[in-house]
>>> print(open('my_file-v3.txt').read())   # compact mmCIF, C-alpha atoms
# COMPACT_ATOMS: atom_id res chain seq x y z
CA MET A 1 -45.54 -71.81 148.61
CA LYS A 2 -48.95 -70.78 149.95
CA LYS A 3 -50.45 -70.91 146.44
CA LEU A 4 -49.02 -74.39 145.88
CA ALA A 5 -50.33 -75.61 149.25
CA ASP A 6 -53.73 -74.10 148.49
CA THR A 7 -53.91 -75.89 145.13
CA LEU A 8 -52.71 -79.26 146.45
CA GLY A 9 -54.89 -79.10 149.55
CA ARG A 10 -58.08 -77.94 147.83
CA PRO A 11 -59.83 -81.39 147.81
CA LEU A 12 -58.94 -81.96 151.47
CA VAL A 13 -60.03 -78.46 152.43
CA ARG A 14 -63.35 -79.03 150.67
CA LEU A 15 -63.78 -82.33 152.54
CA LEU A 16 -63.02 -80.73 155.91
CA ARG A 17 -65.18 -77.67 155.31
CA GLU A 18 -68.14 -78.90 153.25
CA ARG A 19 -68.47 -82.53 154.37
CA LEU A 20 -67.31 -82.29 157.99
CA GLY A 21 -68.35 -78.66 158.53
CA LEU A 22 -65.11 -77.70 160.28
CA SER A 23 -63.98 -74.10 160.68
CA PRO A 24 -60.31 -73.04 160.20
CA GLY A 25 -60.05 -72.59 163.98
CA GLN A 26 -61.24 -76.14 164.60
CA VAL A 27 -58.70 -77.46 162.09
CA THR A 28 -55.97 -75.47 163.90
CA TRP A 29 -56.97 -77.01 167.23
CA THR A 30 -57.15 -80.53 165.73
CA ALA A 31 -53.64 -80.05 164.32
CA PHE A 32 -52.46 -78.99 167.76
CA TRP A 33 -53.98 -82.02 169.52
CA LEU A 34 -52.39 -84.33 166.95
CA SER A 35 -49.03 -82.69 167.71
CA ALA A 36 -49.68 -83.06 171.44
CA ALA A 37 -50.39 -86.77 170.88
CA ALA A 38 -47.17 -86.96 168.85
CA ALA A 39 -45.30 -85.45 171.81
CA VAL A 40 -46.74 -88.06 174.17
CA ALA A 41 -45.71 -90.88 171.79
CA ILE A 42 -42.18 -89.49 171.38
CA ALA A 43 -41.78 -88.99 175.15
CA ASP A 44 -42.80 -92.65 175.50
CA ARG A 45 -39.98 -93.51 173.06
CA HIS A 46 -42.35 -94.41 170.19
CA VAL A 47 -40.55 -92.02 167.87
CA GLY A 48 -41.83 -93.55 164.61
CA SER A 49 -45.51 -93.31 165.50
CA GLY A 50 -44.85 -89.91 167.06
CA LEU A 51 -43.42 -88.61 163.79
CA VAL A 52 -46.42 -89.98 161.86
CA LEU A 53 -48.79 -88.13 164.21
CA MET A 54 -46.64 -85.03 163.91
CA ALA A 55 -46.83 -85.27 160.10
CA LEU A 56 -50.63 -85.53 160.24
CA GLY A 57 -50.70 -82.52 162.54
CA GLN A 58 -48.49 -80.55 160.16
CA ILE A 59 -50.66 -81.46 157.15
CA LEU A 60 -53.75 -80.21 158.98
CA ASP A 61 -51.79 -77.17 160.12
CA GLY A 62 -51.16 -76.33 156.47
CA LEU A 63 -54.85 -76.74 155.63
CA ASP A 64 -56.29 -74.29 158.19
CA GLY A 65 -54.74 -71.31 156.43
CA ALA A 66 -55.72 -72.67 153.01
CA MET A 67 -59.30 -73.11 154.22
CA ALA A 68 -59.38 -69.60 155.66
CA ARG A 69 -58.15 -68.14 152.36
CA GLN A 70 -60.40 -70.30 150.15
CA TYR A 71 -63.58 -69.45 152.08
CA GLN A 72 -62.60 -65.83 152.88
CA LEU A 73 -62.42 -66.61 156.60
CA ALA A 74 -58.89 -65.28 157.16
CA SER A 75 -58.55 -63.03 160.20
CA GLU A 76 -55.86 -61.55 162.41
CA GLU A 77 -57.18 -63.59 165.36
CA GLY A 78 -56.99 -66.81 163.33
CA HIS A 79 -53.39 -66.03 162.39
CA ARG A 80 -52.54 -65.36 166.03
CA LEU A 81 -54.18 -68.62 167.17
CA ASP A 82 -52.33 -70.55 164.46
CA THR A 83 -48.98 -69.07 165.50
CA LEU A 84 -49.67 -69.62 169.22
CA LEU A 85 -50.65 -73.27 168.79
CA ASP A 86 -47.77 -73.93 166.38
CA ARG A 87 -45.29 -72.72 169.00
CA ALA A 88 -47.08 -74.66 171.75
CA ALA A 89 -46.89 -77.81 169.61
CA GLU A 90 -43.19 -77.27 168.97
CA ILE A 91 -42.50 -76.74 172.68
CA LEU A 92 -44.29 -80.01 173.52
CA ILE A 93 -42.51 -81.98 170.79
CA PHE A 94 -39.05 -80.56 171.58
CA LEU A 95 -39.54 -81.31 175.30
CA ALA A 96 -40.74 -84.81 174.39
CA PHE A 97 -37.38 -85.48 172.70
CA ALA A 98 -35.64 -84.36 175.89
CA ILE A 99 -37.91 -86.52 178.08
CA ALA A 100 -37.15 -89.50 175.83
CA GLU A 101 -33.45 -88.68 176.40
CA LEU A 102 -32.83 -88.35 172.68
CA VAL A 103 -31.38 -84.86 173.23
CA PRO A 104 -30.10 -83.02 176.31
CA LEU A 105 -32.80 -80.87 177.97
CA GLY A 106 -30.59 -77.79 177.58
CA HIS A 107 -30.45 -78.24 173.79
CA ALA A 108 -34.24 -78.63 173.58
CA LEU A 109 -34.78 -75.49 175.71
CA LEU A 110 -32.33 -73.45 173.64
CA ALA A 111 -33.97 -74.61 170.39
CA ILE A 112 -37.34 -73.53 171.85
CA ALA A 113 -35.86 -70.16 172.84
CA ALA A 114 -34.50 -69.61 169.32
CA VAL A 115 -37.85 -70.51 167.71
CA LEU A 116 -39.73 -68.17 170.10
CA LEU A 117 -37.30 -65.32 169.45
CA LEU A 118 -37.75 -65.71 165.70
CA THR A 119 -41.55 -65.71 166.12
CA THR A 120 -41.39 -62.25 167.75
CA VAL A 121 -39.97 -60.68 164.58
CA CYS A 122 -40.87 -62.91 161.62
CA ASP A 123 -44.18 -61.17 160.83
CA ARG A 124 -42.42 -57.81 160.56
CA SER A 125 -39.28 -59.03 158.84
CA GLY A 126 -41.03 -61.54 156.58
CA LEU A 127 -38.17 -63.98 157.19
CA ASP A 128 -38.94 -67.48 158.46
CA PRO A 129 -36.74 -70.31 157.17
CA GLY A 130 -39.36 -72.83 158.37
CA MET A 131 -36.81 -75.07 160.06
CA LYS A 132 -38.58 -76.13 163.21
CA ARG A 133 -40.42 -79.46 163.61
CA PHE A 134 -39.72 -80.28 159.97
CA ALA A 135 -36.05 -80.97 160.68
CA LEU A 136 -36.99 -83.80 163.06
CA TYR A 137 -38.10 -86.05 160.16
CA PHE A 138 -34.42 -86.46 159.30
CA GLY A 139 -33.75 -88.20 162.61
CA ALA A 140 -33.39 -91.57 160.88
CA TRP A 141 -30.22 -90.32 159.17
CA ILE A 142 -28.90 -87.50 161.35
CA PRO A 143 -28.48 -87.72 165.14
CA TYR A 144 -31.13 -85.73 167.04
CA PRO A 145 -28.59 -83.58 168.95
CA THR A 146 -27.21 -82.43 165.56
CA LEU A 147 -30.74 -81.68 164.34
CA PHE A 148 -31.48 -79.64 167.47
CA ALA A 149 -28.20 -77.79 166.99
CA ALA A 150 -29.29 -76.99 163.44
CA ILE A 151 -32.76 -75.86 164.59
CA PHE A 152 -31.13 -73.61 167.21
CA GLY A 153 -28.54 -72.20 164.84
CA VAL A 154 -30.86 -71.58 161.89
CA ASN A 155 -33.61 -69.95 163.97
CA LEU A 156 -31.19 -67.80 165.97
CA ALA A 157 -29.44 -66.68 162.78
CA ALA A 158 -32.81 -65.93 161.18
CA TYR A 159 -33.72 -63.89 164.27
CA VAL A 160 -30.56 -61.78 163.95
CA VAL A 161 -31.12 -61.28 160.21
CA GLY A 162 -34.81 -60.50 160.91
CA LEU A 163 -33.79 -57.78 163.37
CA LEU A 164 -31.46 -56.33 160.75
CA ILE A 165 -34.23 -56.37 158.12
CA ILE A 166 -36.50 -54.43 160.50
CA ASP A 167 -33.62 -52.02 161.17
CA CYS A 168 -33.23 -51.45 157.45
CA GLN A 169 -36.97 -50.78 157.12
CA PHE A 170 -36.65 -48.22 159.93
CA GLN A 171 -33.58 -46.69 158.29
CA VAL A 172 -35.59 -46.12 155.11
CA ARG A 173 -38.20 -44.25 157.17
CA MET A 174 -35.49 -42.15 158.86
CA ASP A 175 -33.91 -41.33 155.50
CA GLN A 176 -37.28 -40.24 154.12
CA LEU A 177 -37.86 -38.07 157.18
CA GLY A 178 -34.60 -36.18 156.76
CA GLY A 179 -33.99 -32.93 158.64
CA ASP A 180 -31.70 -32.74 161.67
CA LEU A 181 -29.78 -36.03 161.75
CA ASP A 182 -29.08 -35.61 165.46
CA THR A 183 -32.78 -36.13 166.27
CA VAL A 184 -33.89 -38.26 163.33
CA ALA A 185 -34.36 -41.48 165.36
CA SER A 186 -36.64 -39.92 167.98
CA ARG A 187 -38.63 -38.08 165.29
CA ALA A 188 -39.04 -41.28 163.25
CA VAL A 189 -40.19 -43.19 166.34
CA ALA A 190 -42.66 -40.41 167.21
CA GLY A 191 -43.96 -40.48 163.65
CA GLU A 192 -44.31 -44.25 163.78
CA LYS A 193 -46.25 -44.09 167.06
CA SER A 194 -48.63 -41.35 165.90
CA TYR A 195 -49.23 -43.20 162.63
CA GLN A 196 -50.01 -46.42 164.51
CA LEU A 197 -52.45 -44.55 166.75
CA SER A 198 -54.27 -43.04 163.78
CA ALA A 199 -54.16 -46.39 161.95
CA THR A 200 -55.77 -48.09 164.96
CA SER A 201 -58.52 -45.48 165.16
CA HIS A 202 -59.21 -45.57 161.40
CA GLN A 203 -58.62 -49.32 160.92
CA SER A 204 -56.21 -48.54 158.08
CA PRO A 205 -52.96 -50.41 157.19
CA ARG A 206 -50.26 -50.10 159.90
CA LYS A 207 -47.32 -49.01 157.80
CA PRO A 208 -47.16 -45.42 156.53
CA PRO A 209 -47.03 -45.14 152.76
CA PRO A 210 -43.47 -44.23 151.73
CA ASP A 211 -44.58 -41.19 149.75
CA SER A 212 -46.32 -39.68 152.78
CA LEU A 213 -42.98 -38.58 154.22
CA PRO A 214 -40.88 -35.66 152.99
CA ALA A 215 -37.82 -36.45 150.91
CA PHE A 216 -34.45 -36.78 152.66
CA ASN A 217 -32.42 -33.62 152.44
CA PRO A 218 -29.71 -33.40 155.08
CA GLY A 219 -28.55 -30.04 153.79
CA THR A 220 -31.77 -28.24 154.70
CA PRO A 221 -32.67 -28.65 158.38
CA THR A 222 -36.37 -28.72 159.23
CA ALA A 223 -38.15 -26.86 162.01
CA ASP A 224 -37.20 -29.77 164.34
CA SER A 225 -33.57 -28.78 164.21
CA MET B 1 -16.81 -44.98 169.81
CA LYS B 2 -14.24 -45.40 167.09
CA ILE B 3 -13.06 -48.84 166.02
CA PHE B 4 -9.50 -48.36 167.37
CA THR B 5 -10.84 -47.67 170.88
CA HIS B 6 -12.92 -50.86 170.68
CA ILE B 7 -9.86 -52.81 169.52
CA LEU B 8 -7.83 -51.47 172.45
CA ALA B 9 -10.56 -52.31 174.98
CA THR B 10 -10.98 -55.82 173.58
CA THR B 11 -7.22 -56.41 173.44
CA LEU B 12 -6.94 -55.33 177.07
CA GLY B 13 -9.71 -57.78 178.04
CA VAL B 14 -8.13 -60.60 176.02
CA GLN B 15 -4.76 -59.97 177.67
CA ALA B 16 -6.21 -59.62 181.17
CA LEU B 17 -8.28 -62.80 180.91
CA ASP B 18 -5.50 -64.62 179.03
CA LEU B 19 -7.87 -65.71 176.27
CA HIS B 20 -6.68 -67.83 173.35
CA GLY B 21 -8.10 -69.63 170.33
CA ARG B 22 -11.89 -69.73 170.12
CA ASP B 23 -12.41 -67.49 173.15
CA ALA B 24 -10.09 -64.80 171.77
CA ALA B 25 -11.91 -64.96 168.41
CA LEU B 26 -15.26 -64.62 170.19
CA ALA B 27 -13.92 -61.67 172.20
CA TYR B 28 -12.88 -59.80 169.04
CA GLY B 29 -16.09 -60.87 167.29
CA PHE B 30 -18.37 -59.45 169.96
CA GLY B 31 -16.06 -56.65 171.13
CA VAL B 32 -15.12 -55.27 167.72
CA ALA B 33 -16.68 -57.05 164.73
CA VAL B 34 -20.27 -56.27 165.77
CA ASP B 35 -19.49 -52.88 164.22
CA ILE B 36 -19.91 -54.63 160.87
CA ASP B 37 -23.49 -53.36 160.85
CA HIS B 38 -22.08 -49.98 159.82
CA ALA B 39 -21.17 -51.63 156.51
CA LEU B 40 -24.80 -52.75 156.22
CA LYS B 41 -25.91 -49.14 156.58
CA ALA B 42 -23.41 -47.89 153.99
CA PRO B 43 -25.75 -48.36 150.97
CA PHE B 44 -28.45 -46.39 152.83
CA TYR B 45 -25.94 -43.60 153.56
CA LEU B 46 -24.82 -43.51 149.94
CA ARG B 47 -28.40 -43.37 148.70
CA ALA B 48 -29.49 -40.69 151.18
CA VAL B 49 -26.35 -38.54 151.46
CA GLY B 50 -24.03 -39.57 148.65
CA LEU B 51 -20.25 -39.43 148.92
CA ARG B 52 -20.26 -36.27 151.08
CA ASP B 53 -19.10 -36.42 154.71
CA GLN B 54 -22.35 -35.99 156.66
CA ARG B 55 -21.80 -36.28 160.43
CA GLY B 56 -24.55 -37.61 162.69
CA TYR B 57 -26.02 -40.15 160.26
CA TYR B 58 -27.78 -42.99 162.08
CA TRP B 59 -25.28 -45.83 161.60
CA ARG B 60 -26.48 -48.05 164.43
CA SER B 61 -28.52 -51.24 164.25
CA SER B 62 -29.87 -53.80 166.71
CA LEU B 63 -26.66 -55.79 166.19
CA GLN B 64 -24.99 -53.48 168.70
CA GLU B 65 -27.87 -52.52 170.96
CA PRO B 66 -28.87 -54.13 174.28
CA VAL B 67 -31.66 -55.97 172.44
CA ALA B 68 -28.91 -58.20 171.05
CA PHE B 69 -28.48 -59.73 174.52
CA LEU B 70 -31.66 -61.67 173.64
CA TRP B 71 -29.71 -63.77 171.13
CA ILE B 72 -26.23 -63.47 172.59
CA ALA B 73 -27.31 -64.98 175.92
CA PRO B 74 -28.69 -68.21 174.35
CA LEU B 75 -25.61 -68.35 172.13
CA CYS B 76 -23.37 -68.16 175.21
CA LEU B 77 -25.34 -70.96 176.87
CA TRP B 78 -24.98 -73.07 173.73
CA LEU B 79 -21.24 -72.39 173.44
CA GLY B 80 -20.70 -72.77 177.18
CA THR B 81 -18.78 -69.50 177.53
CA ALA B 82 -19.63 -66.01 178.80
CA VAL B 83 -16.97 -64.34 176.63
CA PRO B 84 -19.42 -62.97 173.97
CA LEU B 85 -21.68 -61.56 176.69
CA LEU B 86 -18.79 -59.86 178.50
CA PHE B 87 -17.13 -58.30 175.47
CA PHE B 88 -20.42 -57.24 173.94
CA ALA B 89 -21.32 -55.53 177.24
CA ILE B 90 -17.98 -53.66 177.15
CA HIS B 91 -18.66 -52.60 173.55
CA LEU B 92 -22.10 -51.31 174.58
CA LEU B 93 -20.82 -49.42 177.62
CA MET B 94 -18.33 -47.62 175.41
CA ASP B 95 -20.88 -46.82 172.67
CA TYR B 96 -23.41 -45.54 175.18
CA SER B 97 -20.94 -42.93 176.39
CA VAL B 98 -21.12 -41.24 172.97
CA SER B 99 -24.10 -38.94 172.80
CA PHE B 100 -25.70 -39.98 169.48
CA GLU B 101 -29.31 -41.15 169.59
CA LYS B 102 -29.73 -44.86 170.27
CA MET B 103 -32.70 -47.21 170.41
CA PRO B 104 -31.72 -49.87 172.95
CA PHE B 105 -34.72 -52.16 172.54
CA TYR B 106 -35.90 -51.55 168.97
CA PRO B 107 -38.04 -53.16 167.48
CA TYR B 108 -39.67 -54.11 170.81
CA SER B 109 -39.64 -50.56 172.14
CA GLY B 110 -39.29 -47.18 170.49
CA TRP B 111 -37.45 -45.71 173.48
CA VAL B 112 -34.66 -43.38 172.34
CA THR B 113 -31.75 -42.43 174.59
CA ARG B 114 -28.44 -40.64 174.24
CA GLY B 115 -26.70 -42.86 176.77
CA TRP B 116 -24.72 -41.69 179.76
CA LEU B 117 -22.15 -38.93 180.50
CA VAL B 118 -24.02 -36.79 177.96
CA ASN B 119 -22.71 -33.54 179.41
CA VAL B 120 -19.06 -34.43 178.74
CA PRO B 121 -17.90 -33.72 175.16
CA ASP B 122 -17.64 -36.90 173.07
CA ASN B 123 -14.13 -36.12 171.81
CA LEU B 124 -12.87 -35.69 175.36
CA LYS B 125 -14.39 -39.00 176.51
CA GLU B 126 -12.97 -40.82 173.51
CA ALA B 127 -9.50 -39.28 173.93
CA VAL B 128 -9.30 -40.02 177.67
CA LEU B 129 -10.48 -43.59 177.17
CA PHE B 130 -8.15 -44.16 174.23
CA VAL B 131 -5.10 -43.01 176.19
CA ALA B 132 -6.12 -44.97 179.31
CA LEU B 133 -6.64 -48.15 177.31
CA LEU B 134 -3.38 -47.71 175.41
CA VAL B 135 -1.42 -47.22 178.63
CA ALA B 136 -3.15 -50.18 180.30
CA ASN B 137 -2.47 -52.42 177.28
CA VAL B 138 1.21 -51.52 177.17
CA ALA B 139 1.58 -51.87 180.95
CA LEU B 140 -0.08 -55.28 180.98
CA TRP B 141 1.92 -56.48 177.98
CA MET B 142 5.19 -55.39 179.62
CA ALA B 143 4.20 -56.97 182.95
CA ARG B 144 3.48 -60.26 181.20
CA ARG B 145 6.85 -60.36 179.37
>>> encode(input="my_file-v3.txt", output="C-alpha cells")
Amino acid sequence: MKKLADTLGRPLVRLLRERLGLSPGQVTWTAFWLSAAAAVAIADRHVGSGLVLMALGQILDGLDGAMARQYQLASEEGHRLDTLLDRAAEILIFLAFAIAELVPLGHALLAIAAVLLLTTVCDRSGLDPGMKRFALYFGAWIPYPTLFAAIFGVNLAAYVVGLLIIDCQFQVRMDQLGGDLDTVASRAVAGEKSYQLSATSHQSPRKPPPDSLPAFNPGTPTADS
Amino acid sequence: MKIFTHILATTLGVQALDLHGRDAALAYGFGVAVDIDHALKAPFYLRAVGLRDQRGYYWRSSLQEPVAFLWIAPLCLWLGTAVPLLFFAIHLLMDYSVSFEKMPFYPYSGWVTRGWLVNVPDNLKEAVLFVALLVANVALWMARR
C-alpha cells in the first residue's frame, strides 16, 4: 500500500517539497488543520463540504510519509507527530458528527475510545484495519450511527486481535527461553527489559534477534530453576 | 482454574441474577469462553513441547487478564449491560487464586504476579471452590423449583 501511495503521490510530493519547500512535518500539520476545518464544517451541518475538506486532509496525510521516505527524512519523531495529529483529527471529526446531532455523543466517544485503544498496540502488532475517518465517506448510503458502530466494532476487535498477536510474539520468546516453566514469564520479561535497556544505550533495534536466545528444552531445567 | 469450575461459577451467577437470552450468552462468553485463548496457545505448546504432558506451560493471554477490562468496559457501555464486566471479573478472581505466573497488564506493563492465596495449595483451593459452587448451584436450583 505504501509503495503504491509513494508511486501515485510522487508528482504531488515533488510539488510540495521542491516547489513549495514544505517539510514532511509541515505537510502533517497542514493535513491536521484541513481536518480541523472539516470538523468545524461538519459541526455546522455542512457535511458535504466537511467531507471534501476531510478528503483533502487525508490526501495530504498520505503524502507526508511518502515525502519523508522519498527524501530520506523519515524519523521516529515524525511518525509520532503523524500518529498524534491523526488521532487528534479523528477526535475532532467524530465529535463534530455528535455536535451536528448526526450520531449520539456516546457512540462518538466510544468510537474514539476504540480508535485510541488500537493506536496503543498497532505499532507492535502491525495490525491496523484502517477503518477510522475513511468509513464516514459512506454516509450518503449508510446511516452515520451504523458507520460509527462499525468503526467502534472493527477497531475494538482489531485491538483485541492486536493484543493476542503481541501475546503470541511474547510466547515465542518464552518458548525460546525454555528452562523452568514456572518462572518463564518473569524471566522473559526481565530479558526483555534488559535488552531494551542495552538497545537504548547502543541505539540498536529494540527486538532481540530470535537466535540470541537458547533453544526451548523443558526437559532440562536451567540454573534459574 | 479448570473449565468446569468456571462453568459452575457462571451458572450460579446466571441463576442468581435470573439471566436469559443475550445476557446469559454474554455471561457464559465472558465467564467461560474467554478460556478459548488456550486453544490459541495450543500450536505453540505443540511446537515447543510436543504431545507430552508438560505441566506449568504458559497458557494465558491478555484475553483473560485485567488488561482486557480496557476493551470490555467500552463494550459494556456500547451494549448497555454490565454482565460481561461482572462475569469476566469473577473469572479473573478465580484464575488469580491459582499460583501460576500471570502478567495482568501486558503489553503495557511487564509486572508478573502469582495472584492471591499463594500459600494455599492450588488443588485444595480448586476442590473447595468446586464443591461450594456445586452445592450452591444445586441449592439455588432446588429453591427456584
>>> interface_residues(input="my_file-v3.txt", of="chain A", to="chain B", cutoff="10 Å", atoms="all atoms listed in the file", output="short mmCIF file (atom, residue, chain, number, x, y, z; two decimals) with C-alpha atoms, in the coordinates of the input")
data_model
loop_
_atom_site.label_atom_id
_atom_site.label_comp_id
_atom_site.auth_asym_id
_atom_site.auth_seq_id
_atom_site.Cartn_x
_atom_site.Cartn_y
_atom_site.Cartn_z
CA GLY A 106 -30.59 -77.79 177.58
CA HIS A 107 -30.45 -78.24 173.79
CA LEU A 109 -34.78 -75.49 175.71
CA LEU A 110 -32.33 -73.45 173.64
CA ALA A 111 -33.97 -74.61 170.39
CA ALA A 113 -35.86 -70.16 172.84
CA ALA A 114 -34.50 -69.61 169.32
CA LEU A 117 -37.30 -65.32 169.45
CA LEU A 118 -37.75 -65.71 165.70
CA THR A 120 -41.39 -62.25 167.75
CA VAL A 121 -39.97 -60.68 164.58
CA ARG A 124 -42.42 -57.81 160.56
CA ALA A 149 -28.20 -77.79 166.99
CA PHE A 152 -31.13 -73.61 167.21
CA GLY A 153 -28.54 -72.20 164.84
CA LEU A 156 -31.19 -67.80 165.97
CA ALA A 157 -29.44 -66.68 162.78
CA TYR A 159 -33.72 -63.89 164.27
CA VAL A 160 -30.56 -61.78 163.95
CA VAL A 161 -31.12 -61.28 160.21
CA LEU A 163 -33.79 -57.78 163.37
CA LEU A 164 -31.46 -56.33 160.75
CA ILE A 165 -34.23 -56.37 158.12
CA ILE A 166 -36.50 -54.43 160.50
CA ASP A 167 -33.62 -52.02 161.17
CA CYS A 168 -33.23 -51.45 157.45
CA PHE A 170 -36.65 -48.22 159.93
CA GLN A 171 -33.58 -46.69 158.29
CA VAL A 172 -35.59 -46.12 155.11
CA MET A 174 -35.49 -42.15 158.86
CA ASP A 175 -33.91 -41.33 155.50
CA GLN A 176 -37.28 -40.24 154.12
CA GLY A 178 -34.60 -36.18 156.76
CA ASP A 180 -31.70 -32.74 161.67
CA LEU A 181 -29.78 -36.03 161.75
CA ASP A 182 -29.08 -35.61 165.46
CA THR A 183 -32.78 -36.13 166.27
CA VAL A 184 -33.89 -38.26 163.33
CA ALA A 185 -34.36 -41.48 165.36
CA SER A 186 -36.64 -39.92 167.98
CA ARG A 187 -38.63 -38.08 165.29
CA ALA A 188 -39.04 -41.28 163.25
CA VAL A 189 -40.19 -43.19 166.34
CA ALA A 190 -42.66 -40.41 167.21
CA GLU A 192 -44.31 -44.25 163.78
CA LYS A 193 -46.25 -44.09 167.06
CA ALA A 215 -37.82 -36.45 150.91
CA PHE A 216 -34.45 -36.78 152.66
CA ASN A 217 -32.42 -33.62 152.44
CA PRO A 218 -29.71 -33.40 155.08
CA GLY A 219 -28.55 -30.04 153.79
#
>>> closest_residue(input="my_file-v3.txt", among="A:Leu12, A:Leu85, A:Leu34, A:Ala135", to="Leu53 (chain A)", atoms="only C-alpha atoms")
A:Leu34
>>> atom_distance(input="my_file-v3.txt", atom1="CA of Ala25 (chain B)", atom2="CA of Lys125 (chain B)")
27.3 Å
>>> closest_residue(input="my_file-v3.txt", among="B:Asn123, B:Thr5, B:Thr81, B:Gln64", to="Pro104 (chain B)", atoms="all atoms listed in the file")
B:Gln64
>>> closest_residue(input="my_file-v3.txt", among="A:Gln72, A:Ser49, A:Thr119, A:Gln58", to="Arg133 (chain A)", atoms="all atoms listed in the file")
A:Gln58
>>> atom_distance(input="my_file-v3.txt", atom1="CA of Leu12 (chain B)", atom2="CA of Trp141 (chain B)")
9.0 Å
>>> closest_residue(input="my_file-v3.txt", among="B:Leu86, B:Val120, B:Glu65, B:His20", to="Phe105 (chain B)", atoms="all atoms listed in the file")
B:Glu65
>>> atom_distance(input="my_file-v3.txt", atom1="CA of Leu51 (chain A)", atom2="CA of Glu90 (chain A)")
12.5 Å
>>> residues_near_point(input="my_file-v3.txt", point="(-43.5, -81.4, 173.7)", cutoff="8 Å", atoms="all atoms listed in the file", output="JSON, numbers by chain")
{"A": [36, 39, 40, 43, 88, 89, 90, 91, 92, 93, 94, 95, 96, 97]}
>>> build_atoms(input="my_file-v3.txt", residues="region 16-30 of chain B", atoms="N, CA and C atoms", output="PDB file, in the coordinates of the input")
ATOM      1  N   ALA B  16      -5.945 -59.488 179.722  1.00  0.00           N
ATOM      2  CA  ALA B  16      -6.210 -59.620 181.170  1.00  0.00           C
ATOM      3  C   ALA B  16      -6.772 -60.989 181.510  1.00  0.00           C
ATOM      4  N   LEU B  17      -7.647 -61.503 180.640  1.00  0.00           N
ATOM      5  CA  LEU B  17      -8.280 -62.800 180.910  1.00  0.00           C
ATOM      6  C   LEU B  17      -7.476 -63.963 180.323  1.00  0.00           C
ATOM      7  N   ASP B  18      -6.365 -63.610 179.637  1.00  0.00           N
ATOM      8  CA  ASP B  18      -5.500 -64.620 179.030  1.00  0.00           C
ATOM      9  C   ASP B  18      -6.292 -65.550 178.095  1.00  0.00           C
ATOM     10  N   LEU B  19      -7.027 -64.926 177.193  1.00  0.00           N
ATOM     11  CA  LEU B  19      -7.870 -65.710 176.270  1.00  0.00           C
ATOM     12  C   LEU B  19      -7.064 -66.125 175.034  1.00  0.00           C
ATOM     13  N   HIS B  20      -7.348 -67.305 174.552  1.00  0.00           N
ATOM     14  CA  HIS B  20      -6.680 -67.830 173.350  1.00  0.00           C
ATOM     15  C   HIS B  20      -7.703 -68.544 172.475  1.00  0.00           C
ATOM     16  N   GLY B  21      -7.315 -68.802 171.234  1.00  0.00           N
ATOM     17  CA  GLY B  21      -8.100 -69.630 170.330  1.00  0.00           C
ATOM     18  C   GLY B  21      -9.528 -69.133 170.151  1.00  0.00           C
ATOM     19  N   ARG B  22     -10.489 -70.048 170.352  1.00  0.00           N
ATOM     20  CA  ARG B  22     -11.890 -69.730 170.120  1.00  0.00           C
ATOM     21  C   ARG B  22     -12.364 -68.571 170.979  1.00  0.00           C
ATOM     22  N   ASP B  23     -11.949 -68.546 172.260  1.00  0.00           N
ATOM     23  CA  ASP B  23     -12.410 -67.490 173.150  1.00  0.00           C
ATOM     24  C   ASP B  23     -11.889 -66.111 172.713  1.00  0.00           C
ATOM     25  N   ALA B  24     -10.641 -66.074 172.243  1.00  0.00           N
ATOM     26  CA  ALA B  24     -10.090 -64.800 171.770  1.00  0.00           C
ATOM     27  C   ALA B  24     -10.845 -64.342 170.515  1.00  0.00           C
ATOM     28  N   ALA B  25     -11.157 -65.300 169.630  1.00  0.00           N
ATOM     29  CA  ALA B  25     -11.910 -64.960 168.410  1.00  0.00           C
ATOM     30  C   ALA B  25     -13.297 -64.431 168.774  1.00  0.00           C
ATOM     31  N   LEU B  26     -13.936 -65.078 169.751  1.00  0.00           N
ATOM     32  CA  LEU B  26     -15.260 -64.620 170.190  1.00  0.00           C
ATOM     33  C   LEU B  26     -15.168 -63.220 170.797  1.00  0.00           C
ATOM     34  N   ALA B  27     -14.097 -62.984 171.564  1.00  0.00           N
ATOM     35  CA  ALA B  27     -13.920 -61.670 172.200  1.00  0.00           C
ATOM     36  C   ALA B  27     -13.824 -60.579 171.133  1.00  0.00           C
ATOM     37  N   TYR B  28     -13.002 -60.807 170.099  1.00  0.00           N
ATOM     38  CA  TYR B  28     -12.880 -59.800 169.040  1.00  0.00           C
ATOM     39  C   TYR B  28     -14.164 -59.722 168.196  1.00  0.00           C
ATOM     40  N   GLY B  29     -14.822 -60.851 168.043  1.00  0.00           N
ATOM     41  CA  GLY B  29     -16.090 -60.870 167.290  1.00  0.00           C
ATOM     42  C   GLY B  29     -17.135 -59.991 167.946  1.00  0.00           C
ATOM     43  N   PHE B  30     -17.304 -60.177 169.262  1.00  0.00           N
ATOM     44  CA  PHE B  30     -18.370 -59.450 169.960  1.00  0.00           C
ATOM     45  C   PHE B  30     -17.894 -58.116 170.535  1.00  0.00           C
TER      46      PHE B  30
END
